[in-house]
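Asker: The structure that follows is given in the form of structure tokens.
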Amino acid sequence: AALKSIARREDLKTYVERTPELYMLLQQAASRYVTGETRQEGVAASRRLAAEGYKISIEYIGENTTDADECEAAAAEMKALIQDLGRAGLPARVSFDLSHIGLSLDKELAYSHLMDVAAYAGTVETEMELFISMEESSKTEEILSVYARAAASYSNIGITLQAHLNRTKQDLEALAASPRRIRIVKGAYQEPEDRAIPRSSALNERYLELVESAIRQGHHVSIATHDEGIVDEGLKSRWLAYGNAEFEMLYGIRPELGSKLKAAGHPVRIYLPYGHEWYLYLCHRIAEYPPNLYRAVIDIVSK
Ligand code: FAD
């Protein structure tokens, strides 16, 4: 939690931005997880990974935007990204936080930006999915409601569900009526004890149950994890034989696992983030898995 709060400390961020040596060192550490600052770098990395046989998920990094112009600029960036991916002939999943495009100001603003981007996605030649990330539990209700309204008009909009939240089983049941695109993750946010369970074998069991139910309900399911135990269980349970599931992993995390699964013929999607908010993203990855702090130091001293 302490590491996570570092990401939100504006004073630390400003200090990093004003200290060129530190900025460059942290940027080097971030390059393991972030494809670059620009859309061009994100699209180039997508092209490279697609040529290797991976499916693509891509995110313009950002969250909790409280300035309406910045929300609009983020939505415009998503459209420009969709245009560039289409021109490159790349089918892709564009992932994003609703709080990047307005949710922190007004959920109607997020909804209208999402509808605008979804309409635009329908105009490009390649197949585009829009995938909503799940944020802190204080936002779950609003995120699900914006998702439900938008998904009623556009079938290419997907939603992420967090296995660690106690409410998720019911949320999944509520989506059972029609097949959707669902990503299941363990959950990256620190939550109050009465709302979620921590990393544990109980969480892993719950994760497996959720994936199994989602697949049986006929959703297209992204098994978004780097947990080899869960991956092995998925392979043993022959989930992928249903034809509506895939693995999805973050760029730079356990790449050997993704590569092994792909070599065995399983569908694997890599989630590639780009953007000038790489510092925020690096802090999230370290908070989620503190040994990454050690890895970041090694990356810095070895370059
Ligand atoms: P863990 O039990 O956390 O880790 C299992 C093993 O994976 C670890 O032992 C380690 O070997 C490896 N590992 C895990 N994380 C890291 C890391 N950061 N660095 C290096 N190794 C690591 N969370 C949300 O709350 N909302 C979202 O919308 C969301 N979207 C996601 C989309 C994708 C495609 C993925 C893959 C994750 C997403 N997450 C999201 C993050 C997710 O909730 C977990 O925090 C993250 O995936 C780590 O959990 P795990 O399932 O890999 O299992």
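Residue numbering restarts at 1 for every chain of the structure tokens, chains are lettered A, B, ... in their displayed order, and ligands are numbered from 1 as they appear.
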Name each residue within 8 Å of ligand 1, counting only C-alpha atoms and all ligand atoms, as an MDAnalysis selection string.

Answerer: chainID A and resid 57 97 132:136 160:162 183:189 199:200 222:228 248:250 252:254 269:271 284:292

Asker: Report, in Å with one decimal, the straight-line distance from atom CA of Tyr120 of chain A to atom CA of Arg48 of chain A.

Answerer: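 One can read the atom CA of Tyr120 of chain A to atom CA of Arg48 of chain A distance as 24.8 Å.
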
Asker: Hey, what's within 10 Å of Arg216 of chain A if we count only C-alpha atoms and toss same-chain stuff fewer than 5 positions away? As a count of residues only, please?

Answerer: 7

Asker: Running DSSP on the backbone, which parts of segment 17-175 of chain A land in alpha helix (DSSP H), as number ranges by chain?

Answerer: A: 17-18, 20-30, 39-51, 68-87, 107-121, 140-153, 168-174

Asker: If we count only C-alpha atoms, what is near Glu129 of chain A at a cut-off of 10 Å, once residues fewer than 5 positions away on the same chain are taken out, given as a VMD selection string?

Answerer: chain A and resid 57 82 91 to 95 118 121 to 122 154 to 158 181

Asker: Of the candidates A:Leu90, A:Ala296, A:Leu257, A:Ala68, which one gets nearest to Ala110 of chain A if we count only C-alpha atoms?

Answerer: A:Ala68

Asker: Please list as a list in words every residue within 10 Å of Val124 of chain A, counting only C-alpha atoms and excluding residues in the same chain fewer than 5 positions away.

Answerer: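 So, after excluding close chain neighbours, the residues are Ile82, Gln83, Asp84, Leu85, Gly86, Arg87, Gly89, Pro91 and Ala119 of chain A.
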